[in-house]
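What follows is a single structure, written as structure tokens, with notes after it.
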Amino acid sequence: MTASDARSAELFGRARGVLVGGVNSPVRAMRSIGRDPLFIDRALGAYVWDVDGNRYVDYLASWGPAVLGHTPPAVIKALMAALPRGTSYGAPTEREVLFAEAVQDAIPTVERLRMTSSGSEAVMGALRLARAATGREVIVKTVGGYHGAIDGLLAEAGSGATTLGVPTSPGVPAGATAATRLVPYNDLPAAAAALAGAAAIIVEPVAGNMGVVLPEPGYLSGLRAACDRTGALLILDEVITGFRVARGGAQERFGVTADIACYGKIIGGGLPVGAFGGRADVMSVLAPEGPCYQAGTLSGNPLATTAGLAVLQALARPGVYDELEAGGAALEAAFRAAGVPVTINRIGSMLTGFFVDGPVTDYASATSSDTVRYGAFARALLAHGIYPPPSQYEAWFVSTAHTAADLELTAAALADAATASAA
Ligand SMILES: *Cc1c(COP(=O)(O)O)cnc(C)c1O
């Protein structure tokens, strides 16, 4: 710890006395990059400031939501207007309708939507629905795919679980994962075989939780065809990719149609949110139209829908996704100029640089990355005022608030961090 982290260090000491490991979500503890966490005081645009007053150009983006940068004026204004009208009613609102209409306008295949309070809950609802709609039990999942802290899918989960080196968490009963079949990401024949008799396959259309791993050409359309052959449902987990890789998410970007798609992160504008939606005939199996139970006290919360709606409206502006592509391309160019990490996977404004020679196409190749070097790289970046994801197995996110000057600062820091990571 340098002297300028004194207040973060003091707060971390107190936090460990009251919060498990001092944090409310494990990767935040920064253990996988070998340092203690920074406590954040505020955020604006492309920047976050820690409690010691240090400013960072932020590429964590709250793990994805901050696509417009932090504290975007349109979202803050909408929230300020909404606050005095109440924070929760437990009854329908006009804003939920406007929100769902905005989602459907961007993603026409979401014929019906159900909102939740987190991405994990959205996935839980989608899985139960898929099982109810097909009368089958088995869910196929890709190795290294992360779909939230859900018992049934914490088999070889990516992200936090990978980072902590526990492929399957203790506390998950064997029965919970008994109906989960694992297949490697990007392995179409394996998925097609596993889909026989299955209720569904759930897949991140672009993997984002083993680092960014792109679907190979034909993979997603091949999954669609395999589902059609076997009568299984295609569940796309678009919690990261929704409104990130295109306004219509991966369904638009790759021209593939999900039966059910899951959303979160960006659609909440930084407030707790999730949603799942798709084919009207499938969605109608949910209560109150059908027998499949799903519910939530704060689902469709007025503040979350207000913030989310403001973000979706901002993302409807022409040119936004060109700006995000340009920002992502500039970040990629800065990584390439720095020389390390060696393998860079990017789509639009999400990117991961892996410390590995050769392509990263699945969990096995992603986890062959030299995470000790990533740790040194990330620590050096923080020392240079750049906030990277505190794990090799996460995505860097560029927002519309990152300027050319921010990216130049980043390029200089990346070059120095590359040297540090080689030492
Ligand atoms: C973050 C994430 C989730 C879980 O969302 P929470 O809001 O953290 O519950 C699910 N799926 C994917 C692909 C994610 O990245």
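Letters for chains follow the order of the structure tokens (A, B, ...), residue numbers begin at 1 for each chain, and ligand numbers begin at 1 in the order shown.
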- Message: If the limit is 6 Å from any atom of ligand 1, counting only C-alpha atoms and all ligand atoms, which residues qualify? Return them as a PyMOL selection string.
- Response: chain A and resi 118-120+146-148+204+237+239-240+264
- Message: Can you pull out every residue from range 200-306 of chain A that DSSP, working from the backbone, puts in strand (DSSP E), and format the result as a ChimeraX atom specification?
- Response: /A:200-203,233-237,260-264,274-278
- Task: Tell me, as a PyMOL selection string, which residues lie within 10 Å of Gln251 in chain A, counting only C-alpha atoms; anything in the same chain fewer than 3 positions away does not count.
- Result: chain A and resi 107-109+205+220+236+238+241-242+245-248+254-258+261
Quick one: write out the picked residues with N, CA and C atoms as a PDB file, in the first residue's frame?
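Okay, out-v5.pdb is ready:
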```pdb
ATOM      1  N   ILE A 107     -35.379  -4.621 -29.269  1.00  0.00           N
ATOM      2  CA  ILE A 107     -35.242  -6.074 -29.437  1.00  0.00           C
ATOM      3  C   ILE A 107     -36.631  -6.667 -29.676  1.00  0.00           C
ATOM      4  N   PRO A 108     -37.069  -6.664 -30.936  1.00  0.00           N
ATOM      5  CA  PRO A 108     -38.451  -7.090 -31.237  1.00  0.00           C
ATOM      6  C   PRO A 108     -38.746  -8.529 -30.834  1.00  0.00           C
ATOM      7  N   THR A 109     -37.697  -9.374 -30.707  1.00  0.00           N
ATOM      8  CA  THR A 109     -37.943 -10.764 -30.321  1.00  0.00           C
ATOM      9  C   THR A 109     -38.352 -10.886 -28.846  1.00  0.00           C
ATOM     10  N   PRO A 205     -23.839 -15.159 -25.313  1.00  0.00           N
ATOM     11  CA  PRO A 205     -23.572 -15.130 -26.755  1.00  0.00           C
ATOM     12  C   PRO A 205     -22.154 -14.646 -27.060  1.00  0.00           C
ATOM     13  N   LEU A 220     -23.421 -19.648 -32.825  1.00  0.00           N
ATOM     14  CA  LEU A 220     -24.738 -19.286 -32.284  1.00  0.00           C
ATOM     15  C   LEU A 220     -25.861 -19.761 -33.205  1.00  0.00           C
ATOM     16  N   LEU A 236     -30.357 -17.076 -24.331  1.00  0.00           N
ATOM     17  CA  LEU A 236     -29.149 -16.259 -24.437  1.00  0.00           C
ATOM     18  C   LEU A 236     -29.047 -15.402 -23.175  1.00  0.00           C
ATOM     19  N   GLU A 238     -27.835 -12.400 -21.975  1.00  0.00           N
ATOM     20  CA  GLU A 238     -27.346 -11.117 -22.497  1.00  0.00           C
ATOM     21  C   GLU A 238     -27.188 -10.094 -21.373  1.00  0.00           C
ATOM     22  N   THR A 241     -24.071  -8.515 -22.690  1.00  0.00           N
ATOM     23  CA  THR A 241     -24.091  -8.110 -24.103  1.00  0.00           C
ATOM     24  C   THR A 241     -25.324  -7.295 -24.486  1.00  0.00           C
ATOM     25  N   GLY A 242     -26.398  -7.389 -23.706  1.00  0.00           N
ATOM     26  CA  GLY A 242     -27.617  -6.645 -24.000  1.00  0.00           C
ATOM     27  C   GLY A 242     -27.341  -5.143 -23.998  1.00  0.00           C
ATOM     28  N   VAL A 245     -23.230  -4.817 -27.141  1.00  0.00           N
ATOM     29  CA  VAL A 245     -22.591  -5.141 -28.428  1.00  0.00           C
ATOM     30  C   VAL A 245     -23.400  -4.599 -29.610  1.00  0.00           C
ATOM     31  N   ALA A 246     -24.622  -4.175 -29.347  1.00  0.00           N
ATOM     32  CA  ALA A 246     -25.483  -3.499 -30.316  1.00  0.00           C
ATOM     33  C   ALA A 246     -26.703  -3.065 -29.517  1.00  0.00           C
ATOM     34  N   ARG A 247     -27.509  -2.171 -30.061  1.00  0.00           N
ATOM     35  CA  ARG A 247     -28.712  -1.776 -29.326  1.00  0.00           C
ATOM     36  C   ARG A 247     -29.600  -3.000 -29.111  1.00  0.00           C
ATOM     37  N   GLY A 248     -29.665  -3.863 -30.106  1.00  0.00           N
ATOM     38  CA  GLY A 248     -30.445  -5.092 -29.968  1.00  0.00           C
ATOM     39  C   GLY A 248     -29.646  -6.245 -29.387  1.00  0.00           C
ATOM     40  N   PHE A 254     -25.523 -10.713 -34.105  1.00  0.00           N
ATOM     41  CA  PHE A 254     -25.214 -11.991 -34.752  1.00  0.00           C
ATOM     42  C   PHE A 254     -26.399 -12.563 -35.537  1.00  0.00           C
ATOM     43  N   GLY A 255     -27.517 -11.845 -35.554  1.00  0.00           N
ATOM     44  CA  GLY A 255     -28.663 -12.306 -36.332  1.00  0.00           C
ATOM     45  C   GLY A 255     -29.218 -13.628 -35.846  1.00  0.00           C
ATOM     46  N   VAL A 256     -29.188 -13.845 -34.526  1.00  0.00           N
ATOM     47  CA  VAL A 256     -29.715 -15.087 -33.975  1.00  0.00           C
ATOM     48  C   VAL A 256     -30.878 -14.747 -33.043  1.00  0.00           C
ATOM     49  N   THR A 257     -31.904 -15.590 -33.042  1.00  0.00           N
ATOM     50  CA  THR A 257     -33.084 -15.327 -32.228  1.00  0.00           C
ATOM     51  C   THR A 257     -33.136 -16.292 -31.052  1.00  0.00           C
ATOM     52  N   ALA A 258     -33.225 -15.725 -29.848  1.00  0.00           N
ATOM     53  CA  ALA A 258     -33.370 -16.548 -28.646  1.00  0.00           C
ATOM     54  C   ALA A 258     -34.840 -16.847 -28.413  1.00  0.00           C
ATOM     55  N   ALA A 261     -34.307 -14.453 -23.578  1.00  0.00           N
ATOM     56  CA  ALA A 261     -33.034 -13.753 -23.365  1.00  0.00           C
ATOM     57  C   ALA A 261     -33.075 -13.102 -21.984  1.00  0.00           C
TER      58      ALA A 261
END
```
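Counting only C-alpha atoms, the residue from A:Val103, A:Ala417, A:Ala330, A:Val20 that sits nearest to Ile266 in chain A is A:Val103.
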Residue contacts of range 308-320 of chain A (6 Å, only C-alpha atoms) excluding same-chain residues fewer than 4 positions away, as a PDB file with N, CA, C and O atoms, in the first residue's frame:
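Final output, result.pdb:
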```pdb
ATOM      1  N   VAL A  75     -29.762  10.535 -16.680  1.00  0.00           N
ATOM      2  CA  VAL A  75     -30.214   9.534 -15.706  1.00  0.00           C
ATOM      3  C   VAL A  75     -30.414  10.193 -14.344  1.00  0.00           C
ATOM      4  O   VAL A  75     -31.423   9.949 -13.659  1.00  0.00           O
ATOM      5  N   PHE A  99     -40.777   1.256 -20.075  1.00  0.00           N
ATOM      6  CA  PHE A  99     -39.504   0.535 -20.076  1.00  0.00           C
ATOM      7  C   PHE A  99     -39.588  -0.688 -20.999  1.00  0.00           C
ATOM      8  O   PHE A  99     -38.736  -0.901 -21.866  1.00  0.00           O
ATOM      9  N   ILE A 267     -29.333  -2.267 -18.424  1.00  0.00           N
ATOM     10  CA  ILE A 267     -30.753  -1.864 -18.453  1.00  0.00           C
ATOM     11  C   ILE A 267     -31.229  -1.276 -17.128  1.00  0.00           C
ATOM     12  O   ILE A 267     -32.356  -0.790 -17.055  1.00  0.00           O
ATOM     13  N   GLY A 268     -30.376  -1.294 -16.098  1.00  0.00           N
ATOM     14  CA  GLY A 268     -30.779  -0.696 -14.820  1.00  0.00           C
ATOM     15  C   GLY A 268     -30.122   0.649 -14.552  1.00  0.00           C
ATOM     16  O   GLY A 268     -30.387   1.259 -13.509  1.00  0.00           O
ATOM     17  N   GLY A 269     -29.274   1.105 -15.471  1.00  0.00           N
ATOM     18  CA  GLY A 269     -28.652   2.407 -15.267  1.00  0.00           C
ATOM     19  C   GLY A 269     -27.906   2.507 -13.947  1.00  0.00           C
ATOM     20  O   GLY A 269     -27.787   3.584 -13.376  1.00  0.00           O
ATOM     21  N   ALA A 304     -35.491   1.918 -10.496  1.00  0.00           N
ATOM     22  CA  ALA A 304     -34.721   1.121 -11.464  1.00  0.00           C
ATOM     23  C   ALA A 304     -35.278   1.307 -12.874  1.00  0.00           C
ATOM     24  O   ALA A 304     -34.518   1.468 -13.835  1.00  0.00           O
TER      25      ALA A 304
END
```
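Of the residues under consideration (A:Thr361, A:Thr134, A:Asn345, A:Thr116), A:Thr134 shows the shortest atom-to-atom contact distance to Ala199 in chain A when counting only C-alpha atoms.
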- helix (DSSP H, G or I) residues, from DSSP on the backbone, in range 211-381 of chain A, as a PyMOL selection string: chain A and resi 219-230+249-254+265-268+280-283+302-314+320-338+363-366+371-381
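Checking A:Leu44, A:Ala207, A:Ala179, A:Ala133 one by one against Leu153 in chain A, counting only C-alpha atoms, you find the shortest gap at A:Ala179.
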- Leaving out Arg128 in chain A and any residue of its chain fewer than 3 positions from it, which residues lie within 10 Å of it when counting only C-alpha atoms, given as an NGL selection string? :A and (123-125 or 131-133 or 137 or 199 or 286 or 292-294)
What does the file look like for those residues with N, CA and C atoms, as a PDB file, in the first residue's frame?
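Saved to part-v3.pdb:
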```pdb
ATOM      1  N   VAL A 123     -32.027 -15.023 -14.652  1.00  0.00           N
ATOM      2  CA  VAL A 123     -31.615 -16.348 -15.130  1.00  0.00           C
ATOM      3  C   VAL A 123     -32.415 -17.433 -14.411  1.00  0.00           C
ATOM      4  N   MET A 124     -32.564 -17.293 -13.095  1.00  0.00           N
ATOM      5  CA  MET A 124     -33.353 -18.288 -12.339  1.00  0.00           C
ATOM      6  C   MET A 124     -34.753 -18.419 -12.920  1.00  0.00           C
ATOM      7  N   GLY A 125     -35.373 -17.288 -13.211  1.00  0.00           N
ATOM      8  CA  GLY A 125     -36.721 -17.299 -13.782  1.00  0.00           C
ATOM      9  C   GLY A 125     -36.741 -17.951 -15.149  1.00  0.00           C
ATOM     10  N   ARG A 131     -37.950 -25.023 -18.188  1.00  0.00           N
ATOM     11  CA  ARG A 131     -38.321 -26.368 -17.744  1.00  0.00           C
ATOM     12  C   ARG A 131     -39.836 -26.540 -17.752  1.00  0.00           C
ATOM     13  N   ALA A 132     -40.543 -25.512 -17.313  1.00  0.00           N
ATOM     14  CA  ALA A 132     -42.005 -25.595 -17.282  1.00  0.00           C
ATOM     15  C   ALA A 132     -42.574 -25.662 -18.695  1.00  0.00           C
ATOM     16  N   ALA A 133     -41.992 -24.883 -19.611  1.00  0.00           N
ATOM     17  CA  ALA A 133     -42.541 -24.801 -20.968  1.00  0.00           C
ATOM     18  C   ALA A 133     -42.277 -26.069 -21.772  1.00  0.00           C
ATOM     19  N   GLU A 137     -36.091 -31.444 -17.893  1.00  0.00           N
ATOM     20  CA  GLU A 137     -35.343 -30.927 -16.743  1.00  0.00           C
ATOM     21  C   GLU A 137     -33.926 -30.464 -17.040  1.00  0.00           C
ATOM     22  N   ALA A 199     -34.112 -29.391 -21.724  1.00  0.00           N
ATOM     23  CA  ALA A 199     -35.075 -28.290 -21.730  1.00  0.00           C
ATOM     24  C   ALA A 199     -34.513 -27.097 -22.499  1.00  0.00           C
ATOM     25  N   LEU A 286     -45.589 -18.315 -17.686  1.00  0.00           N
ATOM     26  CA  LEU A 286     -45.343 -17.675 -16.375  1.00  0.00           C
ATOM     27  C   LEU A 286     -46.638 -17.206 -15.738  1.00  0.00           C
ATOM     28  N   CYS A 292     -46.328 -21.352 -14.083  1.00  0.00           N
ATOM     29  CA  CYS A 292     -44.939 -21.307 -13.610  1.00  0.00           C
ATOM     30  C   CYS A 292     -44.728 -20.078 -12.731  1.00  0.00           C
ATOM     31  N   TYR A 293     -44.379 -20.325 -11.461  1.00  0.00           N
ATOM     32  CA  TYR A 293     -44.318 -19.223 -10.493  1.00  0.00           C
ATOM     33  C   TYR A 293     -43.015 -18.436 -10.595  1.00  0.00           C
ATOM     34  N   GLN A 294     -43.143 -17.143 -10.542  1.00  0.00           N
ATOM     35  CA  GLN A 294     -41.988 -16.231 -10.501  1.00  0.00           C
ATOM     36  C   GLN A 294     -42.508 -14.921  -9.953  1.00  0.00           C
TER      37      GLN A 294
END
```
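Checking A:Asp259, A:Asp322, A:Asp370, A:Asp50 one by one against Gly231 in chain A, counting only C-alpha atoms, you find the shortest gap at A:Asp259.
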- Surrounding residues of Lys77 in chain A excluding itself and chain neighbours under 2 positions, 12 Å, only C-alpha atoms, as an NGL selection string: :A and (71-75 or 79-83 or 303 or 306-307 or 310-311)
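One finds CA of Phe397 in chain A at 20.3 Å from CA of Thr367 in chain A.
Each of A:Arg244, A:Arg95, A:Lys141, A:Arg379 was checked against Val183 in chain A using only C-alpha atoms; the smallest atom-to-atom distance is that of A:Lys141.
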- Spatial neighbours of Ile347 in chain A, max dist 8 Å, only C-alpha atoms, sep filter under 5 positions, as an MDAnalysis selection string: chainID A and resid 214 245 325 328
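What separates CA of Ile201 in chain A from CA of Ser349 in chain A is a distance of 26.1 Å.
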Return as a tab-separated table the residues of range 104-193 of chain A lying at most 6 Å from range 275-281 of chain A, together with the closest atom-to-atom pair for each and the distance in Å to one decimal, counting only C-alpha atoms, with rows in chain order and ascending residue number.
```
residue	atom	partner	partner_atom	distance
A:Thr109	CA	A:Gly278	CA	5.7
A:Val110	CA	A:Gly278	CA	4.0
A:Glu111	CA	A:Ala280	CA	5.3
A:Arg112	CA	A:Gly277	CA	5.4
A:Leu113	CA	A:Gly277	CA	4.2
A:Arg114	CA	A:Phe276	CA	5.5
A:Met115	CA	A:Ala275	CA	4.1
A:Thr116	CA	A:Ala275	CA	5.3
A:Ala122	CA	A:Ala275	CA	5.2
```
- Item | Proximity to Val48 in chain A - best of A:Ala174, A:Val360, A:Ala61, A:Ala405, only C-alpha atoms | A:Ala61
- Message: I'd like the interatomic distance between CA of Gly249 in chain A and CA of Ala334 in chain A, to a tenth of an Å.
- Response: 25.6 Å
